[in-house]
>>> print(open('entry_23.pdb').read())   # PDB, C-alpha atoms
MODEL        1
ATOM      1  CA  GLU A  87     132.831 113.627 101.175
ATOM      2  CA  ASN A  88     133.560 111.978 104.546
ATOM      3  CA  TYR A  89     131.359 109.004 103.643
ATOM      4  CA  ARG A  90     133.311 108.324 100.469
ATOM      5  CA  HIS A  91     136.385 107.608 102.600
ATOM      6  CA  GLN A  92     134.868 106.282 105.834
ATOM      7  CA  GLY A  93     131.576 104.680 104.792
ATOM      8  CA  GLY A  94     128.217 104.881 106.565
ATOM      9  CA  THR A  95     125.313 107.301 106.259
ATOM     10  CA  GLY A  96     123.252 106.450 109.338
ATOM     11  CA  LEU A  97     120.376 105.119 107.232
ATOM     12  CA  GLY A  98     120.742 101.516 108.354
ATOM     13  CA  LEU A  99     118.039 101.731 111.003
ATOM     14  CA  THR A 100     115.529 102.996 108.434
ATOM     15  CA  ILE A 101     116.294 100.014 106.210
ATOM     16  CA  VAL A 102     116.055  97.604 109.164
ATOM     17  CA  SER A 103     112.701  99.083 110.132
ATOM     18  CA  LYS A 104     111.300  98.599 106.624
ATOM     19  CA  LEU A 105     112.623  95.035 106.436
ATOM     20  CA  VAL A 106     111.191  94.151 109.851
ATOM     21  CA  HIS A 107     107.757  95.501 108.945
ATOM     22  CA  ALA A 108     107.891  93.741 105.563
ATOM     23  CA  MET A 109     108.465  90.476 107.461
ATOM     24  CA  GLY A 110     105.471  91.113 109.696
ATOM     25  CA  GLY A 111     107.560  92.039 112.734
ATOM     26  CA  GLN A 112     108.073  95.112 114.874
ATOM     27  CA  ILE A 113     111.026  97.166 116.115
ATOM     28  CA  PHE A 114     111.316  99.243 119.291
ATOM     29  CA  VAL A 115     113.922 101.597 120.701
ATOM     30  CA  GLN A 116     114.707 102.932 124.161
ATOM     31  CA  SER A 117     117.367 105.631 124.517
ATOM     32  CA  GLU A 118     119.046 107.265 127.482
ATOM     33  CA  LEU A 119     121.182 110.363 127.057
ATOM     34  CA  GLY A 120     124.852 109.661 127.655
ATOM     35  CA  LYS A 121     124.378 105.895 127.845
ATOM     36  CA  GLY A 122     123.109 104.821 124.446
ATOM     37  CA  SER A 123     120.154 103.042 122.905
ATOM     38  CA  THR A 124     118.606  99.593 123.071
ATOM     39  CA  PHE A 125     116.830  98.248 120.004
ATOM     40  CA  GLU A 126     114.468  95.298 120.058
ATOM     41  CA  VAL A 127     113.314  93.443 116.959
ATOM     42  CA  TYR A 128     110.430  90.978 117.035
ATOM     43  CA  LEU A 129     110.081  88.639 114.047
ATOM     44  CA  PRO A 130     107.384  85.965 113.632
ATOM     45  CA  LEU A 131     109.042  82.658 112.791
ATOM     46  CA  ARG A 132     107.757  79.120 112.381
ATOM     47  CA  LYS A 133     109.349  76.406 114.464
ATOM     48  CA  SER A 134     112.041  74.306 112.842
ATOM     49  CA  SER A 135     112.725  70.634 113.479
ATOM     50  CA  ARG A 136     116.204  71.664 114.632
ATOM     51  CA  HIS A 137     117.202  74.024 117.437
ATOM     52  CA  HIS A 138     120.109  76.417 117.009
ATOM     53  CA  ALA A 139     122.857  76.765 119.566
ATOM     54  CA  ASP A 140     121.820  80.304 120.434
ATOM     55  CA  GLY A 141     118.361  79.112 121.474
ATOM     56  CA  CYS A 142     116.481  80.694 118.603
ATOM     57  CA  VAL A 143     114.246  78.293 116.706
ATOM     58  CA  GLY A 144     113.193  78.837 113.135
ATOM     59  CA  GLY A 145     116.167  80.801 111.845
ATOM     60  CA  ILE A 146     117.239  79.898 108.353
ATOM     61  CA  ASN A 147     115.669  76.450 108.376
ATOM     62  CA  PRO A 148     112.560  75.874 106.262
ATOM     63  CA  PRO A 149     109.228  75.900 108.090
ATOM     64  CA  HIS A 150     107.731  72.522 109.006
ATOM     65  CA  ILE A 151     104.370  73.580 110.412
ATOM     66  CA  SER A 152     101.588  75.717 109.000
ATOM     67  CA  ASN A 153      99.278  76.367 111.970
ATOM     68  CA  GLY A 154     100.578  79.857 112.686
ATOM     69  CA  PHE A 155     103.547  81.312 114.509
ATOM     70  CA  SER A 156     104.673  79.660 117.728
ATOM     71  CA  ASN A 157     107.582  81.838 118.782
ATOM     72  CA  PHE A 158     109.351  85.102 118.102
ATOM     73  CA  CYS A 159     113.006  86.010 117.957
ATOM     74  CA  GLU A 160     114.266  89.221 119.470
ATOM     75  CA  LEU A 161     117.577  91.001 119.023
ATOM     76  CA  ASN A 162     119.097  92.196 122.282
ATOM     77  CA  SER A 163     121.448  95.126 122.863
ATOM     78  CA  HIS A 164     124.484  92.913 122.260
ATOM     79  CA  GLY A 165     123.244  91.938 118.811
ATOM     80  CA  LYS A 166     122.393  88.375 119.873
ATOM     81  CA  VAL A 167     119.188  86.762 118.644
ATOM     82  CA  GLN A 168     117.184  84.805 121.203
ATOM     83  CA  ALA A 169     113.755  83.200 121.313
ATOM     84  CA  VAL A 170     110.690  84.683 122.981
ATOM     85  CA  ASP A 171     107.882  82.167 123.504
ATOM     86  CA  VAL A 172     104.287  83.243 123.034
ATOM     87  CA  GLU A 173     101.038  81.341 123.415
ATOM     88  CA  MET A 174      99.338  80.328 120.218
ATOM     89  CA  GLY A 175      95.694  80.764 119.348
ATOM     90  CA  ASN A 176      93.734  78.945 116.698
ATOM     91  CA  THR A 177      93.658  81.789 114.216
ATOM     92  CA  GLY A 178      97.203  81.571 112.858
ATOM     93  CA  SER A 179      98.315  84.778 114.593
ATOM     94  CA  ALA A 180     100.228  85.411 117.777
ATOM     95  CA  PRO A 181      98.757  87.196 120.805
ATOM     96  CA  LEU A 182     100.348  90.031 122.702
ATOM     97  CA  ILE A 183     104.102  89.624 123.220
ATOM     98  CA  PRO A 184     105.124  90.207 126.857
ATOM     99  CA  GLN A 185     106.633  93.628 127.523
ATOM    100  CA  ARG A 186     110.341  93.230 127.977
ATOM    101  CA  SER A 187     113.490  95.067 127.092
ATOM    102  CA  PHE A 188     117.127  94.811 128.013
ATOM    103  CA  GLY A 189     117.732  97.422 130.681
ATOM    104  CA  GLY A 190     114.287  99.065 130.635
ATOM    105  CA  THR A 191     110.599  98.802 129.892
ATOM    106  CA  LEU A 192     109.106  99.368 126.488
ATOM    107  CA  SER A 193     106.978 102.477 126.234
ATOM    108  CA  SER A 194     104.451 100.476 124.208
ATOM    109  CA  PRO A 195     104.203  96.732 123.495
ATOM    110  CA  PRO A 196     103.902  95.163 120.054
ATOM    111  CA  SER A 197     100.430  94.979 118.599
ATOM    112  CA  SER A 198      98.193  92.112 119.680
ATOM    113  CA  THR A 199      98.300  90.265 116.367
ATOM    114  CA  ILE A 200     100.859  89.878 113.618
ATOM    115  CA  LYS A 201      99.580  88.432 110.359
ATOM    116  CA  MET A 202     101.400  85.880 108.278
ATOM    117  CA  ASN A 203     102.695  87.176 104.948
ATOM    118  CA  SER A 204     100.851  85.867 101.924
ATOM    119  CA  LYS A 205     102.455  83.306  99.629
ATOM    120  CA  LYS A 206     104.740  84.691  96.946
ATOM    121  CA  GLN A 207     103.307  84.782  93.467
ATOM    122  CA  PRO A 208     105.171  82.782  90.792
ATOM    123  CA  LEU A 209     107.346  84.748  88.383
ATOM    124  CA  ALA A 210     108.549  83.836  84.904
ATOM    125  CA  PRO A 211     112.323  83.251  84.546
ATOM    126  CA  PHE A 212     114.409  84.995  81.900
ATOM    127  CA  ASP A 213     116.118  83.424  78.914
ATOM    128  CA  LEU A 214     119.208  85.457  78.048
ATOM    129  CA  PRO A 215     122.616  84.293  76.791
ATOM    130  CA  PRO A 216     124.912  83.387  79.714
ATOM    131  CA  ASP A 217     127.370  86.123  78.723
ATOM    132  CA  THR A 218     124.681  88.810  79.022
ATOM    133  CA  VAL A 219     124.848  90.017  82.602
ATOM    134  CA  VAL A 220     123.385  92.386  85.176
ATOM    135  CA  LEU A 221     125.969  94.539  86.972
ATOM    136  CA  VAL A 222     125.262  94.867  90.716
ATOM    137  CA  VAL A 223     127.046  97.849  92.292
ATOM    138  CA  ASP A 224     126.903  98.274  96.082
ATOM    139  CA  ASP A 225     129.531  98.710  98.787
ATOM    140  CA  ASN A 226     127.502  96.524 101.178
ATOM    141  CA  ALA A 227     128.292  92.849 100.599
ATOM    142  CA  MET A 228     124.971  91.749 102.099
ATOM    143  CA  ASN A 229     123.016  93.993  99.727
ATOM    144  CA  ARG A 230     124.927  92.553  96.782
ATOM    145  CA  SER A 231     124.296  89.035  98.020
ATOM    146  CA  ILE A 232     120.532  89.608  98.286
ATOM    147  CA  LEU A 233     120.324  91.078  94.785
ATOM    148  CA  LYS A 234     122.485  88.327  93.306
ATOM    149  CA  ARG A 235     120.355  85.651  94.938
ATOM    150  CA  MET A 236     117.198  87.105  93.412
ATOM    151  CA  LEU A 237     118.855  87.450  89.994
ATOM    152  CA  THR A 238     119.949  83.819  90.199
ATOM    153  CA  GLN A 239     116.331  82.854  90.890
ATOM    154  CA  PHE A 240     115.407  84.760  87.728
ATOM    155  CA  LYS A 241     118.029  82.732  85.786
ATOM    156  CA  LEU A 242     120.049  85.890  85.127
ATOM    157  CA  ALA A 243     123.856  86.009  85.074
ATOM    158  CA  HIS A 244     125.469  88.829  87.027
ATOM    159  CA  VAL A 245     128.729  90.497  87.977
ATOM    160  CA  GLU A 246     129.365  92.724  90.971
ATOM    161  CA  ALA A 247     131.288  95.825  92.000
ATOM    162  CA  ALA A 248     131.892  97.181  95.516
ATOM    163  CA  ASN A 249     132.121 100.836  94.488
ATOM    164  CA  GLY A 250     131.656 103.159  91.548
ATOM    165  CA  GLN A 251     135.241 102.923  90.348
ATOM    166  CA  GLU A 252     135.012  99.144  90.084
ATOM    167  CA  ALA A 253     131.768  99.568  88.139
ATOM    168  CA  VAL A 254     133.403 101.931  85.663
ATOM    169  CA  ASP A 255     136.327  99.505  85.228
ATOM    170  CA  ILE A 256     133.926  96.633  84.539
ATOM    171  CA  MET A 257     132.017  98.666  81.975
ATOM    172  CA  LEU A 258     135.229  99.661  80.161
ATOM    173  CA  SER A 259     136.266  96.011  79.930
ATOM    174  CA  SER A 260     132.820  94.770  78.865
ATOM    175  CA  ARG A 261     131.851  93.673  75.360
ATOM    176  CA  ASN A 262     129.672  96.789  75.149
ATOM    177  CA  TYR A 263     132.832  98.910  74.997
ATOM    178  CA  THR A 264     135.632  96.639  73.757
ATOM    179  CA  SER A 265     133.688  94.486  71.251
ATOM    180  CA  ASN A 266     135.659  91.578  72.724
ATOM    181  CA  ALA A 267     133.541  88.486  72.116
ATOM    182  CA  ALA A 268     135.017  86.797  75.182
ATOM    183  CA  ALA A 269     133.922  89.596  77.514
ATOM    184  CA  PRO A 270     130.451  89.729  79.093
ATOM    185  CA  GLU A 271     127.869  92.177  77.802
ATOM    186  CA  VAL A 272     126.278  94.297  80.538
ATOM    187  CA  ALA A 273     122.562  94.698  79.810
ATOM    188  CA  LEU A 274     121.493  96.397  83.053
ATOM    189  CA  VAL A 275     123.208  98.199  85.933
ATOM    190  CA  LEU A 276     121.792  98.231  89.469
ATOM    191  CA  MET A 277     123.632 101.180  91.026
ATOM    192  CA  ASP A 278     123.839 102.115  94.696
ATOM    193  CA  LEU A 279     124.397 105.856  95.071
ATOM    194  CA  SER A 280     126.212 106.247  98.420
ATOM    195  CA  MET A 281     129.541 104.408  98.229
ATOM    196  CA  PRO A 282     133.168 105.042  99.203
ATOM    197  CA  VAL A 283     135.970 105.577  96.637
ATOM    198  CA  MET A 284     133.512 106.691  93.925
ATOM    199  CA  ASP A 285     129.792 107.123  94.558
ATOM    200  CA  GLY A 286     126.989 106.137  92.217
ATOM    201  CA  TYR A 287     126.456 109.684  90.945
ATOM    202  CA  GLN A 288     130.062 109.982  89.750
ATOM    203  CA  ALA A 289     130.098 106.439  88.374
ATOM    204  CA  THR A 290     126.926 107.035  86.364
ATOM    205  CA  SER A 291     128.214 110.360  85.078
ATOM    206  CA  THR A 292     131.515 108.737  84.031
ATOM    207  CA  ILE A 293     129.785 105.834  82.268
ATOM    208  CA  ARG A 294     127.500 108.220  80.373
ATOM    209  CA  ARG A 295     130.488 110.075  78.931
ATOM    210  CA  TYR A 296     130.995 107.168  76.540
ATOM    211  CA  PRO A 297     128.472 107.250  73.652
ATOM    212  CA  VAL A 298     128.266 103.447  73.568
ATOM    213  CA  PHE A 299     126.606 103.563  77.002
ATOM    214  CA  ALA A 300     124.089 106.273  76.121
ATOM    215  CA  ASN A 301     121.143 103.863  76.175
ATOM    216  CA  LEU A 302     122.401 101.502  78.878
ATOM    217  CA  PRO A 303     119.731 101.220  81.607
ATOM    218  CA  ILE A 304     121.169 102.290  84.966
ATOM    219  CA  VAL A 305     118.731 101.910  87.854
ATOM    220  CA  ALA A 306     119.632 103.706  91.085
ATOM    221  CA  LEU A 307     118.898 101.693  94.237
ATOM    222  CA  THR A 308     119.271 103.803  97.356
ATOM    223  CA  ALA A 309     118.089 104.191 100.942
ATOM    224  CA  ALA A 310     117.970 107.973 100.547
ATOM    225  CA  THR A 311     114.536 109.484  99.967
ATOM    226  CA  ILE A 312     115.594 113.125  99.599
ATOM    227  CA  GLU A 313     114.035 114.671  96.486
ATOM    228  CA  GLU A 314     117.225 116.606  95.678
ATOM    229  CA  GLY A 315     119.168 113.340  95.568
ATOM    230  CA  LYS A 316     116.676 111.838  93.159
ATOM    231  CA  GLN A 317     116.826 114.894  90.911
ATOM    232  CA  HIS A 318     120.628 114.874  90.926
ATOM    233  CA  ALA A 319     120.669 111.166  90.040
ATOM    234  CA  LEU A 320     118.411 111.755  87.048
ATOM    235  CA  GLU A 321     120.542 114.705  85.958
ATOM    236  CA  VAL A 322     123.759 112.645  85.869
ATOM    237  CA  GLY A 323     122.118 109.962  83.739
ATOM    238  CA  VAL A 324     120.315 107.470  85.979
ATOM    239  CA  THR A 325     117.471 105.835  84.037
ATOM    240  CA  GLU A 326     115.278 105.176  87.051
ATOM    241  CA  TYR A 327     115.428 105.811  90.801
ATOM    242  CA  ARG A 328     114.193 103.219  93.321
ATOM    243  CA  THR A 329     114.270 103.274  97.120
ATOM    244  CA  LYS A 330     115.565 100.328  99.168
ATOM    245  CA  PRO A 331     114.667  97.753 100.279
ATOM    246  CA  ILE A 332     114.181  96.236  96.836
ATOM    247  CA  LYS A 333     111.646  93.418  96.873
ATOM    248  CA  ARG A 334     111.672  90.418  94.560
ATOM    249  CA  ASP A 335     108.632  91.456  92.525
ATOM    250  CA  MET A 336     110.011  94.970  92.045
ATOM    251  CA  LEU A 337     113.378  93.660  90.846
ATOM    252  CA  HIS A 338     111.708  91.204  88.485
ATOM    253  CA  SER A 339     109.573  94.019  87.075
ATOM    254  CA  LEU A 340     112.671  96.186  86.515
ATOM    255  CA  CYS A 341     114.411  93.326  84.710
ATOM    256  CA  GLN A 342     111.366  92.760  82.518
ATOM    257  CA  GLN A 343     111.282  96.450  81.692
ATOM    258  CA  TYR A 344     114.938  96.939  80.791
ATOM    259  CA  LEU A 345     116.418  93.626  79.682
ATOM    260  CA  PRO A 346     116.360  92.955  75.943
ATOM    261  CA  ASN A 347     114.727  89.514  75.827
ATOM    262  CA  PRO A 348     112.748  88.588  78.958
ATOM    263  CA  SER A 349     111.548  85.002  79.224
ATOM    264  CA  SER A 350     111.419  82.643  76.302
ATOM    265  CA  GLY A 351     107.982  81.861  74.969
ATOM    266  CA  ASN A 352     108.844  78.136  75.144
ATOM    267  CA  ASP A 353     109.858  78.251  78.820
ATOM    268  CA  THR A 354     106.955  77.225  81.040
ATOM    269  CA  ARG A 355     108.928  77.150  84.290
ATOM    270  CA  GLU A 356     107.938  79.466  87.136
ATOM    271  CA  ILE A 357     109.911  81.026  89.971
ATOM    272  CA  VAL A 358     108.124  80.376  93.249
TER     273      VAL A 358
ENDMDL
END
>>> encode(input="entry_23.pdb", output="structure tokens")
Amino acid sequence: ENYRHQGGTGLGLTIVSKLVHAMGGQIFVQSELGKGSTFEVYLPLRKSSRHHADGCVGGINPPHISNGFSNFCELNSHGKVQAVDVEMGNTGSAPLIPQRSFGGTLSSPPSSTIKMNSKKQPLAPFDLPPDTVVLVVDDNAMNRSILKRMLTQFKLAHVEAANGQEAVDIMLSSRNYTSNAAAPEVALVLMDLSMPVMDGYQATSTIRRYPVFANLPIVALTAATIEEGKQHALEVGVTEYRTKPIKRDMLHSLCQQYLPNPSSGNDTREIV
């Protein structure tokens, strides 16, 4: 109940840890009672042709070299990203990163090698009418942005809501409910479960009260892994339950499964 008004569940570190490991990096923590905690994140990044003002190379710029990683970025206790240089071998992997922390010594250093992620496999785009949309519901703007970016890569139109109440309002103004030809038709809902104002459980339950939405696919995307939460989500009408972080291939697979007309047979383009 407190979260619905204040926001925050304390699951952010779990999500960060999964994202860091998915990127081939590592995360460490050092805590001291009464003083707080220091978190360090090491991410393998290729050098960019441009250097950022904060001293971290690579960043959001595209990679320009392919002979392995030449530096790492670490996140200090003030939330600032800075570069950590490491020597490069000839195998395309980085050797042991020097032990260092801000205000202490790491209990164990990162592993001696960090492998480069394999190249993404191409995916087929979708071919749906522009007024057929995916509804993205999440109180975290960054989460919405990531999902919307992937949907755009899939050539899918989308609308967004920052909480369950906004999602319900969108559904009640959609063509699904109003038969208004000028309104968008929602073909799939990606629903976060823990949100302020109205959570995903209540929003799903409310949407399911309307017979026109009985077969609407609503996929729960959540950081919670508690079995009771999953069972409750299915009981209120969630079609499927997935745990964050949601990767591109997983989202594409969900769209293929639930959208009415995935990819035109005449479309030979690929998403790389």
>>> residues_around(input="entry_23.pdb", residues="Ala310 in chain A", least_positions_apart="2", cutoff="7 Å", atoms="only C-alpha atoms", output="list in words")
Thr308, Ile312 and Thr329 of chain A
>>> atom_distance(input="entry_23.pdb", atom1="CA of Asn301 in chain A", atom2="CA of Ala273 in chain A")
10.0 Å
>>> resolve_selection(input="entry_23.pdb", expression="the PyMOL selection byres ((chain A and resi 279) around 9)", output="mmCIF file with C-alpha atoms, in the frame of the given file")
data_model
loop_
_atom_site.group_PDB
_atom_site.id
_atom_site.type_symbol
_atom_site.label_atom_id
_atom_site.label_comp_id
_atom_site.auth_asym_id
_atom_site.auth_seq_id
_atom_site.Cartn_x
_atom_site.Cartn_y
_atom_site.Cartn_z
ATOM 1 C CA VAL A 223 127.046 97.849 92.292
ATOM 2 C CA ASP A 224 126.903 98.274 96.082
ATOM 3 C CA GLY A 250 131.656 103.159 91.548
ATOM 4 C CA MET A 277 123.632 101.180 91.026
ATOM 5 C CA ASP A 278 123.839 102.115 94.696
ATOM 6 C CA SER A 280 126.212 106.247 98.420
ATOM 7 C CA MET A 281 129.541 104.408 98.229
ATOM 8 C CA ASP A 285 129.792 107.123 94.558
ATOM 9 C CA GLY A 286 126.989 106.137 92.217
ATOM 10 C CA TYR A 287 126.456 109.684 90.945
ATOM 11 C CA GLN A 288 130.062 109.982 89.750
ATOM 12 C CA ALA A 289 130.098 106.439 88.374
ATOM 13 C CA ALA A 306 119.632 103.706 91.085
ATOM 14 C CA LEU A 307 118.898 101.693 94.237
ATOM 15 C CA THR A 308 119.271 103.803 97.356
ATOM 16 C CA ALA A 309 118.089 104.191 100.942
ATOM 17 C CA ALA A 310 117.970 107.973 100.547
ATOM 18 C CA ALA A 319 120.669 111.166 90.040
#
>>> closest_residue(input="entry_23.pdb", among="A:Val322, A:Val245, A:Val272, A:Leu302", to="Thr290 in chain A", atoms="all atoms listed in the file")
A:Val322
>>> atom_distance(input="entry_23.pdb", atom1="CA of Glu321 in chain A", atom2="CA of Asp255 in chain A")
21.9 Å
>>> atom_distance(input="entry_23.pdb", atom1="CA of Ile113 in chain A", atom2="CA of Leu337 in chain A")
25.6 Å
>>> resolve_selection(input="entry_23.pdb", expression="the PyMOL selection byres ((chain A and resi 256) around 10)", output="number ranges by chain")
A: 221, 245-247, 250-255, 257-261, 263, 269-270, 272
>>> axis_aligned_box(input="entry_23.pdb", around="range 119-124 of chain A", padding_each_side="3 Å", output="lines of an AutoDock Vina configuration file")
center_x = 121.7
center_y = 105.0
center_z = 125.4
size_x = 12.2
size_y = 16.8
size_z = 10.9
